[in-house]
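Student: Data file run11.pdb (PDB, C-alpha atoms and all ligand atoms) is appended below.
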```
ATOM      1  CA  MET A   1     132.443  64.876 165.791
ATOM      2  CA  GLN A   2     132.410  61.869 168.080
ATOM      3  CA  ILE A   3     132.678  62.602 171.815
ATOM      4  CA  HIS A   4     134.104  60.013 174.173
ATOM      5  CA  SER A   5     134.720  60.119 177.892
ATOM      6  CA  ALA A   6     135.701  56.443 178.253
ATOM      7  CA  ILE A   7     138.913  54.805 177.054
ATOM      8  CA  THR A   8     137.524  51.487 175.772
ATOM      9  CA  PRO A   9     135.101  52.841 173.124
ATOM     10  CA  LEU A  10     137.686  55.423 172.063
ATOM     11  CA  ARG A  11     140.235  52.656 171.502
ATOM     12  CA  LYS A  12     137.672  50.688 169.493
ATOM     13  CA  LEU A  13     136.990  53.704 167.277
ATOM     14  CA  LEU A  14     140.694  54.392 166.761
ATOM     15  CA  LYS A  15     141.374  50.765 165.900
ATOM     16  CA  SER A  16     138.897  50.985 163.027
ATOM     17  CA  VAL A  17     140.393  54.331 161.929
ATOM     18  CA  ARG A  18     143.831  52.700 161.794
ATOM     19  CA  GLN A  19     142.454  49.714 159.875
ATOM     20  CA  GLU A  20     141.214  52.148 157.220
ATOM     21  CA  GLY A  21     144.859  53.204 156.809
ATOM     22  CA  LYS A  22     144.262  56.689 158.210
ATOM     23  CA  SER A  23     146.869  58.614 160.204
ATOM     24  CA  ILE A  24     145.855  59.867 163.648
ATOM     25  CA  GLY A  25     146.678  63.274 165.105
ATOM     26  CA  LEU A  26     146.434  64.193 168.780
ATOM     27  CA  VAL A  27     146.095  67.663 170.312
ATOM     28  CA  PRO A  28     146.216  67.293 174.112
ATOM     29  CA  THR A  29     144.676  70.250 175.960
ATOM     30  CA  MET A  30     143.186  71.210 179.295
ATOM     31  CA  GLY A  31     140.279  72.905 177.505
ATOM     32  CA  ASN A  32     139.115  76.529 177.637
ATOM     33  CA  LEU A  33     140.148  76.601 174.008
ATOM     34  CA  HIS A  34     141.436  79.881 172.570
ATOM     35  CA  ALA A  35     142.995  80.895 169.252
ATOM     36  CA  GLY A  36     146.306  79.317 170.329
ATOM     37  CA  HIS A  37     144.651  75.905 170.681
ATOM     38  CA  MET A  38     142.709  76.413 167.446
ATOM     39  CA  GLU A  39     146.013  76.916 165.612
ATOM     40  CA  LEU A  40     147.125  73.503 166.936
ATOM     41  CA  ILE A  41     143.835  72.027 165.711
ATOM     42  CA  LYS A  42     144.233  73.612 162.254
ATOM     43  CA  GLN A  43     147.795  72.349 161.852
ATOM     44  CA  ALA A  44     146.824  68.894 163.106
ATOM     45  CA  LYS A  45     143.892  68.791 160.649
ATOM     46  CA  SER A  46     146.179  69.657 157.758
ATOM     47  CA  LYS A  47     148.794  67.018 158.649
ATOM     48  CA  THR A  48     146.704  63.994 159.693
ATOM     49  CA  ASP A  49     143.586  62.139 158.485
ATOM     50  CA  PHE A  50     141.787  61.760 161.802
ATOM     51  CA  LEU A  51     142.108  64.253 164.623
ATOM     52  CA  VAL A  52     141.574  63.585 168.319
ATOM     53  CA  CYS A  53     141.553  66.551 170.706
ATOM     54  CA  SER A  54     141.696  65.664 174.389
ATOM     55  CA  ILE A  55     140.357  67.932 177.113
ATOM     56  CA  PHE A  56     141.447  66.951 180.584
ATOM     57  CA  VAL A  57     142.280  69.273 183.481
ATOM     58  CA  ASN A  58     145.020  67.084 184.887
ATOM     59  CA  PRO A  59     145.077  67.225 188.715
ATOM     60  CA  LEU A  60     148.504  65.583 188.792
ATOM     61  CA  GLN A  61     150.192  68.666 187.315
ATOM     62  CA  PHE A  62     148.762  71.188 189.807
ATOM     63  CA  GLY A  63     150.492  71.943 193.119
ATOM     64  CA  VAL A  64     148.533  72.127 196.383
ATOM     65  CA  ASN A  65     148.212  75.910 196.358
ATOM     66  CA  GLU A  66     147.600  76.234 192.640
ATOM     67  CA  ASP A  67     144.470  76.924 190.590
ATOM     68  CA  LEU A  68     143.104  73.395 189.974
ATOM     69  CA  GLY A  69     139.732  74.352 191.490
ATOM     70  CA  SER A  70     139.339  77.621 189.575
ATOM     71  CA  TYR A  71     140.908  76.515 186.263
ATOM     72  CA  PRO A  72     138.310  77.461 183.597
ATOM     73  CA  ARG A  73     136.196  74.483 182.506
ATOM     74  CA  THR A  74     134.166  75.302 179.388
ATOM     75  CA  LEU A  75     133.448  71.928 177.789
ATOM     76  CA  ALA A  76     130.231  72.920 175.943
ATOM     77  CA  GLU A  77     131.862  75.957 174.251
ATOM     78  CA  ASP A  78     135.055  73.998 173.546
ATOM     79  CA  SER A  79     133.073  71.228 171.911
ATOM     80  CA  GLN A  80     131.342  73.745 169.588
ATOM     81  CA  LYS A  81     134.680  75.278 168.596
ATOM     82  CA  LEU A  82     136.080  71.833 167.763
ATOM     83  CA  GLU A  83     132.994  70.972 165.673
ATOM     84  CA  LEU A  84     133.491  74.186 163.688
ATOM     85  CA  GLU A  85     137.091  73.181 162.890
ATOM     86  CA  ASN A  86     135.945  69.688 161.854
ATOM     87  CA  CYS A  87     137.795  67.925 164.634
ATOM     88  CA  ASP A  88     136.917  64.220 164.312
ATOM     89  CA  CYS A  89     136.876  63.197 167.948
ATOM     90  CA  LEU A  90     136.835  64.869 171.358
ATOM     91  CA  PHE A  91     138.159  62.789 174.244
ATOM     92  CA  ALA A  92     137.030  64.328 177.545
ATOM     93  CA  PRO A  93     137.620  61.783 180.310
ATOM     94  CA  SER A  94     136.937  62.156 184.026
ATOM     95  CA  VAL A  95     139.736  62.045 186.604
ATOM     96  CA  ASP A  96     138.563  58.551 187.557
ATOM     97  CA  GLU A  97     138.743  57.347 183.969
ATOM     98  CA  ILE A  98     142.362  58.456 183.727
ATOM     99  CA  TYR A  99     143.657  57.669 187.204
ATOM    100  CA  GLY A 100     141.081  55.341 188.780
ATOM    101  CA  ALA A 101     141.690  55.082 192.498
ATOM    102  CA  THR A 102     145.443  55.508 192.082
ATOM    103  CA  LEU A 103     145.880  59.285 191.738
ATOM    104  CA  GLU A 104     147.886  59.511 194.977
ATOM    105  CA  ALA A 105     149.934  56.379 194.261
ATOM    106  CA  HIS A 106     150.077  56.485 190.486
ATOM    107  CA  THR A 107     153.196  55.475 188.555
ATOM    108  CA  LEU A 108     154.988  58.667 187.514
ATOM    109  CA  VAL A 109     157.051  59.541 184.482
ATOM    110  CA  GLN A 110     160.041  61.621 185.565
ATOM    111  CA  VAL A 111     162.256  63.374 183.057
ATOM    112  CA  PRO A 112     165.663  64.296 184.527
ATOM    113  CA  GLU A 113     167.741  67.456 184.003
ATOM    114  CA  LEU A 114     165.421  69.396 181.681
ATOM    115  CA  THR A 115     162.821  69.613 184.453
ATOM    116  CA  GLU A 116     165.173  70.717 187.246
ATOM    117  CA  ASN A 117     164.876  74.472 186.787
ATOM    118  CA  PHE A 118     162.395  77.157 185.809
ATOM    119  CA  CYS A 119     158.813  75.828 186.028
ATOM    120  CA  GLY A 120     160.168  72.543 187.405
ATOM    121  CA  ARG A 121     161.718  74.369 190.359
ATOM    122  CA  SER A 122     158.839  76.787 190.959
ATOM    123  CA  ARG A 123     156.152  74.125 190.602
ATOM    124  CA  PRO A 124     157.500  70.937 192.231
ATOM    125  CA  GLY A 125     155.916  67.818 190.720
ATOM    126  CA  HIS A 126     154.314  69.779 187.863
ATOM    127  CA  PHE A 127     156.338  68.186 185.086
ATOM    128  CA  ASP A 128     155.957  64.664 186.532
ATOM    129  CA  GLY A 129     152.210  65.265 186.233
ATOM    130  CA  VAL A 130     152.537  66.575 182.677
ATOM    131  CA  ALA A 131     154.822  63.741 181.505
ATOM    132  CA  THR A 132     152.623  61.105 183.138
ATOM    133  CA  VAL A 133     149.360  62.321 181.616
ATOM    134  CA  VAL A 134     150.889  62.924 178.182
ATOM    135  CA  LEU A 135     152.365  59.410 178.115
ATOM    136  CA  LYS A 136     148.969  58.019 179.146
ATOM    137  CA  LEU A 137     147.247  59.993 176.370
ATOM    138  CA  PHE A 138     149.882  58.775 173.902
ATOM    139  CA  ASN A 139     149.207  55.173 174.995
ATOM    140  CA  ILE A 140     145.431  55.584 174.817
ATOM    141  CA  VAL A 141     145.307  57.346 171.421
ATOM    142  CA  GLN A 142     148.549  56.010 169.865
ATOM    143  CA  PRO A 143     148.756  58.998 167.524
ATOM    144  CA  ASP A 144     151.092  59.239 164.539
ATOM    145  CA  ILE A 145     151.647  62.936 165.270
ATOM    146  CA  ALA A 146     151.001  64.970 168.433
ATOM    147  CA  PHE A 147     150.855  68.772 168.512
ATOM    148  CA  PHE A 148     151.906  71.075 171.363
ATOM    149  CA  GLY A 149     152.161  74.848 171.770
ATOM    150  CA  LEU A 150     155.650  76.304 172.081
ATOM    151  CA  LYS A 151     154.587  78.823 174.731
ATOM    152  CA  ASP A 152     155.243  75.903 177.088
ATOM    153  CA  TYR A 153     158.722  75.427 175.657
ATOM    154  CA  GLN A 154     160.203  73.570 178.645
ATOM    155  CA  GLN A 155     157.185  71.250 178.531
ATOM    156  CA  PHE A 156     157.733  70.653 174.800
ATOM    157  CA  LEU A 157     161.408  69.749 175.333
ATOM    158  CA  LEU A 158     160.649  67.261 178.092
ATOM    159  CA  ILE A 159     157.919  65.604 176.013
ATOM    160  CA  GLN A 160     160.456  65.324 173.170
ATOM    161  CA  LYS A 161     162.966  63.818 175.603
ATOM    162  CA  PHE A 162     160.722  61.094 177.019
ATOM    163  CA  THR A 163     159.308  60.317 173.564
ATOM    164  CA  GLU A 164     162.866  59.635 172.426
ATOM    165  CA  ASP A 165     164.058  57.978 175.657
ATOM    166  CA  LEU A 166     161.072  55.597 175.751
ATOM    167  CA  SER A 167     161.317  54.880 171.986
ATOM    168  CA  LEU A 168     157.780  56.035 171.218
ATOM    169  CA  ASP A 169     156.929  56.021 167.531
ATOM    170  CA  ILE A 170     155.244  59.441 167.587
ATOM    171  CA  GLU A 171     156.200  62.571 165.682
ATOM    172  CA  LEU A 172     155.965  65.756 167.727
ATOM    173  CA  VAL A 173     155.092  69.110 166.221
ATOM    174  CA  GLY A 174     155.654  72.340 168.149
ATOM    175  CA  VAL A 175     153.314  75.151 167.112
ATOM    176  CA  GLU A 176     154.270  78.824 167.443
ATOM    177  CA  THR A 177     152.737  80.867 170.260
ATOM    178  CA  GLN A 178     149.693  82.901 169.244
ATOM    179  CA  ARG A 179     149.621  86.458 170.609
ATOM    180  CA  GLU A 180     147.263  89.339 171.188
ATOM    181  CA  PRO A 181     148.130  92.516 169.203
ATOM    182  CA  SER A 182     149.885  93.764 172.382
ATOM    183  CA  GLY A 183     152.245  90.767 172.199
ATOM    184  CA  LEU A 184     150.651  89.011 175.182
ATOM    185  CA  ALA A 185     150.830  85.244 174.602
ATOM    186  CA  LEU A 186     147.392  83.632 174.510
ATOM    187  CA  SER A 187     146.754  81.556 177.614
ATOM    188  CA  SER A 188     143.711  80.319 179.491
ATOM    189  CA  ARG A 189     145.150  82.044 182.564
ATOM    190  CA  ASN A 190     144.769  85.456 180.823
ATOM    191  CA  ASN A 191     141.104  85.082 181.847
ATOM    192  CA  TYR A 192     142.173  85.845 185.405
ATOM    193  CA  LEU A 193     143.543  89.305 184.437
ATOM    194  CA  ASN A 194     141.665  92.609 184.618
ATOM    195  CA  ASP A 195     142.272  95.291 181.941
ATOM    196  CA  GLU A 196     145.103  96.968 183.818
ATOM    197  CA  GLN A 197     146.834  93.653 184.558
ATOM    198  CA  ARG A 198     146.454  92.651 180.919
ATOM    199  CA  GLN A 199     148.387  95.781 179.895
ATOM    200  CA  SER A 200     151.187  95.005 182.375
ATOM    201  CA  ALA A 201     151.220  91.382 181.215
ATOM    202  CA  ALA A 202     152.067  92.484 177.673
ATOM    203  CA  PHE A 203     155.326  93.861 179.065
ATOM    204  CA  LEU A 204     156.587  90.293 179.573
ATOM    205  CA  TYR A 205     156.970  89.692 175.838
ATOM    206  CA  ARG A 206     158.287  93.238 175.245
ATOM    207  CA  THR A 207     161.044  92.556 177.773
ATOM    208  CA  LEU A 208     161.860  89.229 176.115
ATOM    209  CA  ARG A 209     162.135  90.969 172.736
ATOM    210  CA  ASP A 210     164.246  93.831 174.140
ATOM    211  CA  SER A 211     166.692  91.370 175.706
ATOM    212  CA  ALA A 212     166.925  89.337 172.490
ATOM    213  CA  GLU A 213     167.643  92.532 170.549
ATOM    214  CA  GLN A 214     170.393  93.500 172.969
ATOM    215  CA  ILE A 215     172.010  90.064 172.590
ATOM    216  CA  ASN A 216     171.782  90.373 168.808
ATOM    217  CA  SER A 217     173.567  93.703 168.981
ATOM    218  CA  GLY A 218     176.470  92.114 170.844
ATOM    219  CA  HIS A 219     175.584  92.474 174.522
ATOM    220  CA  LEU A 220     176.658  89.069 175.818
ATOM    221  CA  ASP A 221     176.775  89.637 179.587
ATOM    222  CA  PHE A 222     173.783  87.370 180.110
ATOM    223  CA  PRO A 223     173.545  87.625 183.939
ATOM    224  CA  ALA A 224     173.525  91.436 183.651
ATOM    225  CA  LEU A 225     170.797  91.286 180.984
ATOM    226  CA  GLU A 226     168.726  88.933 183.128
ATOM    227  CA  LYS A 227     169.040  91.240 186.122
ATOM    228  CA  ALA A 228     168.100  94.325 184.079
ATOM    229  CA  ALA A 229     165.085  92.511 182.608
ATOM    230  CA  GLN A 230     163.852  91.462 186.056
ATOM    231  CA  LEU A 231     164.117  95.058 187.282
ATOM    232  CA  ALA A 232     162.248  96.289 184.190
ATOM    233  CA  LEU A 233     159.465  93.762 184.817
ATOM    234  CA  GLN A 234     159.199  94.867 188.443
ATOM    235  CA  ALA A 235     158.982  98.500 187.350
ATOM    236  CA  HIS A 236     155.928  97.561 185.254
ATOM    237  CA  GLY A 237     154.082  95.842 188.097
ATOM    238  CA  LEU A 238     155.156  92.268 187.394
ATOM    239  CA  LYS A 239     156.829  90.034 189.943
ATOM    240  CA  PRO A 240     159.368  87.936 188.039
ATOM    241  CA  ASP A 241     159.716  84.271 188.969
ATOM    242  CA  TYR A 242     162.564  83.670 186.523
ATOM    243  CA  PHE A 243     164.020  85.334 183.439
ATOM    244  CA  SER A 244     166.789  83.147 182.050
ATOM    245  CA  ILE A 245     168.841  83.166 178.889
ATOM    246  CA  CYS A 246     169.519  79.553 177.933
ATOM    247  CA  ASN A 247     170.836  77.204 175.323
ATOM    248  CA  ALA A 248     167.636  76.367 173.436
ATOM    249  CA  ARG A 249     168.330  72.618 173.335
ATOM    250  CA  THR A 250     169.686  71.878 176.818
ATOM    251  CA  LEU A 251     168.174  74.791 178.801
ATOM    252  CA  ARG A 252     171.579  75.235 180.448
ATOM    253  CA  PRO A 253     172.680  78.863 181.046
ATOM    254  CA  ALA A 254     173.686  80.292 177.672
ATOM    255  CA  THR A 255     177.338  80.898 176.908
ATOM    256  CA  ALA A 256     178.715  83.425 174.428
ATOM    257  CA  GLU A 257     179.370  80.509 172.017
ATOM    258  CA  ASP A 258     175.741  79.305 171.914
ATOM    259  CA  ARG A 259     173.921  80.182 168.699
ATOM    260  CA  GLN A 260     170.481  78.675 169.371
ATOM    261  CA  LEU A 261     169.059  80.612 172.285
ATOM    262  CA  VAL A 262     165.868  80.749 174.253
ATOM    263  CA  ILE A 263     164.908  83.204 176.962
ATOM    264  CA  LEU A 264     162.432  81.631 179.356
ATOM    265  CA  ALA A 265     160.352  83.875 181.576
ATOM    266  CA  ALA A 266     157.667  83.512 184.213
ATOM    267  CA  ALA A 267     156.123  86.340 186.208
ATOM    268  CA  PHE A 268     153.248  86.968 188.560
ATOM    269  CA  ILE A 269     150.665  89.664 187.958
ATOM    270  CA  GLY A 270     148.755  89.706 191.200
ATOM    271  CA  PRO A 271     148.154  86.013 191.944
ATOM    272  CA  THR A 272     148.283  85.007 188.252
ATOM    273  CA  ARG A 273     151.460  83.380 187.006
ATOM    274  CA  LEU A 274     152.195  83.728 183.283
ATOM    275  CA  ILE A 275     154.984  82.192 181.240
ATOM    276  CA  ASP A 276     156.446  83.106 177.871
ATOM    277  CA  ASN A 277     159.650  82.684 175.891
ATOM    278  CA  ILE A 278     161.500  83.853 172.813
ATOM    279  CA  ARG A 279     163.672  81.541 170.719
ATOM    280  CA  TRP A 280     166.020  82.437 167.924
ATOM    281  CA  GLN A 281     169.254  81.628 166.139
ATOM    282  CA  ARG A 282     171.939  84.247 166.746
ATOM    283  CA  SER A 283     173.187  85.769 163.516
ATOM    284  CA  ASP A 284     175.750  88.248 164.938
TER     285      ASP A 284
HETATM  286  O1  LIG Z 301     149.860  72.255 177.893
HETATM  287  C1  LIG Z 301     148.839  71.777 178.406
HETATM  288  O2  LIG Z 301     147.723  72.235 178.169
HETATM  289  C2  LIG Z 301     148.968  70.591 179.365
HETATM  290  O3  LIG Z 301     150.142  70.685 180.117
HETATM  291  C3  LIG Z 301     148.895  69.230 178.654
HETATM  292  C4  LIG Z 301     150.029  69.044 177.658
HETATM  293  C5  LIG Z 301     147.549  69.123 177.918
HETATM  294  C6  LIG Z 301     148.973  68.109 179.676
HETATM  295  O4  LIG Z 301     147.946  68.180 180.601
END
```
Represent the structure contained in this file as structure tokens.
Ligand code: PAF
Tutor:
Amino acid sequence: MQIHSAITPLRKLLKSVRQEGKSIGLVPTMGNLHAGHMELIKQAKSKTDFLVCSIFVNPLQFGVNEDLGSYPRTLAEDSQKLELENCDCLFAPSVDEIYGATLEAHTLVQVPELTENFCGRSRPGHFDGVATVVLKLFNIVQPDIAFFGLKDYQQFLLIQKFTEDLSLDIELVGVETQREPSGLALSSRNNYLNDEQRQSAAFLYRTLRDSAEQINSGHLDFPALEKAAQLALQAHGLKPDYFSICNARTLRPATAEDRQLVILAAAFIGPTRLIDNIRWQRSD
């Protein structure tokens, strides 16, 4: 596996890969790779000829009081895991390489509407940071296909939106959330949880599933379901940030007519904020 931290030699390498007629896959990550990331890597390997995985803890998507400083950085272990999966290239740039001196005054990509609520509301500026870095990675790597985890469903939709709005010639693949046997969605932030918190955290997905089951059995008073779910989360030691039943395409509040639904949820366990979602097509 080739490892690059600078843009110019990476571009040179990718130019020769393209000249050989090979397709390029990109898996953007912030590192601390777990089985969820490795599933992205496996799918990307099977669908493209040359795979680039980027590891970059993007300061632009962290708020002032968030965990940028403590976010787990495990480059040596990550690099070994990527080697084992036959990843072709690791791109691990510094903040300077990506933003130079312009971090504070950098051009931003802003995606309207889809980013207004949920994580966009709770983490002001977060999605501008995500969209900006992902567009930069797209421009640096120019992949044919890019792969993202669907645990960050709002993030996936806004990347789809700007890819379409800005006429980028990149196919996007959303990869299903990987879970622990308890149902807890794999996340680098699970590292912050102790055993007891980990057990409470699993209740987030259980509550999502319970609500989806109630909708499937004809309970369509969505505000009442949301309220009940938030109370259930609180009873299990979680502090809900949001629990919202939405149209899966627009993220607007779901109506009884909507068939494609998503329930988006975020909750704190102690200081750790976890997100999860459940998506399905109503068959009732
Ligand atoms: O989902 C993530 O890990 C990050 O938001 C991403 C897409 C790598 C951008 O920094």
Student: Choose the residue, out of A:Pro93, A:Pro223, A:Gly129, A:Pro240, that has the smallest atom-to-atom separation from ligand LIG 301 (chain Z); count all atoms listed in the file.
Tutor: A:Gly129
Student: Between A:Gly100, A:Pro181, A:Pro112, A:Gly63, which residue has the minimum interatomic distance to Gly125 (chain A), considering all atoms listed in the file?
Tutor: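 Under the stated criterion, the closest residue is A:Gly63.
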Student: Check every protein, DNA and RNA residue against ligand LIG 301 (chain Z), keep those with an atom at most 9 Å away (counting only C-alpha atoms and all ligand atoms), and present them as a PyMOL selection string.
Tutor: chain A and resi 27-31+37+54-61+126-127+129-134+137+148-149+151-152+155-156+159
Student: Give me the residues of region 154-268 of chain A that have any atom at most 9 Å from an atom of region 68-88 of chain A; for each, the nearest atom pair and the distance in Å, rounded to one decimal. Use all atoms listed in the file, sort by chain and number, and format it as a tab-separated table.
Tutor:
```
residue	atom	partner	partner_atom	distance
A:Ser188	CA	A:Pro72	CA	7.4
A:Arg189	CA	A:Tyr71	CA	7.9
A:Asn191	CA	A:Pro72	CA	8.3
```
Student: List, as an NGL selection string, every residue that the PyMOL selection byres (((chain A and resi 113-117) around 9) and not hetatm) selects in the file provided.
Tutor: :A and (110-112 or 118-122 or 127-128 or 154-155 or 157-158 or 161 or 250-252)
Student: Applied to this file, what does the PyMOL selection byres (((chain A and resi 224) around 12) and not hetatm) return in terms of residues, put as a ChimeraX atom specification?
Tutor: /A:211,214-215,219-223,225-231,243-245
Student: Once the PyMOL selection byres (((chain A and resi 10) around 12) and not hetatm) is applied to the coordinates I shared, what remains selected? I want it as an MDAnalysis selection string.
Tutor: chainID A and resid 2:9 11:17 52:54 88:93 137 139:142
Student: Out of A:Ala266, A:Ile145, A:Val95, A:Val175, which residue has the shortest atom-to-atom distance to Met38 (chain A) when counting only C-alpha atoms?
Tutor: A:Val175
Student: In terms of the shortest atom-to-atom distance over all atoms listed in the file, which of A:Gly183, A:Gly36, A:Gly218, A:Gly25 is closest to Arg282 (chain A)?
Tutor: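 Of A:Gly183, A:Gly36, A:Gly218, A:Gly25, the one nearest Arg282 (chain A) is A:Gly218, counting all atoms listed in the file.
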Student: So which one's closest to Asp210 (chain A), A:Gln160, A:Ala267, A:Ile278, A:Leu193? Using only C-alpha atoms, please.
Tutor: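 Ranked by minimum distance to Asp210 (chain A), first place goes to A:Ile278.
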Student: Export C-alpha atoms of region 43-75 of chain A from the structure just given, as an mmCIF file, in the first residue's frame?
Tutor:
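Heads up, here's the output in out.cif:
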```
data_model
loop_
_atom_site.group_PDB
_atom_site.id
_atom_site.type_symbol
_atom_site.label_atom_id
_atom_site.label_comp_id
_atom_site.auth_asym_id
_atom_site.auth_seq_id
_atom_site.Cartn_x
_atom_site.Cartn_y
_atom_site.Cartn_z
ATOM 1 C CA GLN A 43 -17.248 -3.006 -0.742
ATOM 2 C CA ALA A 44 -14.985 -0.402 -2.339
ATOM 3 C CA LYS A 45 -12.387 -3.099 -3.132
ATOM 4 C CA SER A 46 -15.012 -5.246 -4.816
ATOM 5 C CA LYS A 47 -16.397 -2.397 -6.953
ATOM 6 C CA THR A 48 -13.272 -0.498 -8.060
ATOM 7 C CA ASP A 49 -9.772 -1.303 -9.374
ATOM 8 C CA PHE A 50 -7.753 1.052 -7.192
ATOM 9 C CA LEU A 51 -8.796 2.035 -3.696
ATOM 10 C CA VAL A 52 -7.817 5.192 -1.835
ATOM 11 C CA CYS A 53 -8.747 5.481 1.846
ATOM 12 C CA SER A 54 -8.314 8.930 3.358
ATOM 13 C CA ILE A 55 -7.743 9.507 7.059
ATOM 14 C CA PHE A 56 -8.166 13.095 8.125
ATOM 15 C CA VAL A 57 -9.616 14.370 11.404
ATOM 16 C CA ASN A 58 -11.251 17.419 9.885
ATOM 17 C CA PRO A 59 -11.111 20.404 12.282
ATOM 18 C CA LEU A 60 -13.671 22.286 10.195
ATOM 19 C CA GLN A 61 -16.474 19.901 11.191
ATOM 20 C CA PHE A 62 -15.926 20.130 14.968
ATOM 21 C CA GLY A 63 -17.598 22.827 17.081
ATOM 22 C CA VAL A 64 -15.643 24.792 19.697
ATOM 23 C CA ASN A 65 -16.754 22.637 22.619
ATOM 24 C CA GLU A 66 -16.544 19.337 20.784
ATOM 25 C CA ASP A 67 -14.032 16.481 20.886
ATOM 26 C CA LEU A 68 -11.495 17.529 18.209
ATOM 27 C CA GLY A 69 -8.630 17.301 20.725
ATOM 28 C CA SER A 70 -9.603 13.901 22.140
ATOM 29 C CA TYR A 71 -10.857 12.291 18.902
ATOM 30 C CA PRO A 72 -8.971 8.951 18.687
ATOM 31 C CA ARG A 73 -5.978 9.121 16.336
ATOM 32 C CA THR A 74 -4.600 5.645 15.605
ATOM 33 C CA LEU A 75 -2.784 6.004 12.284
#
```
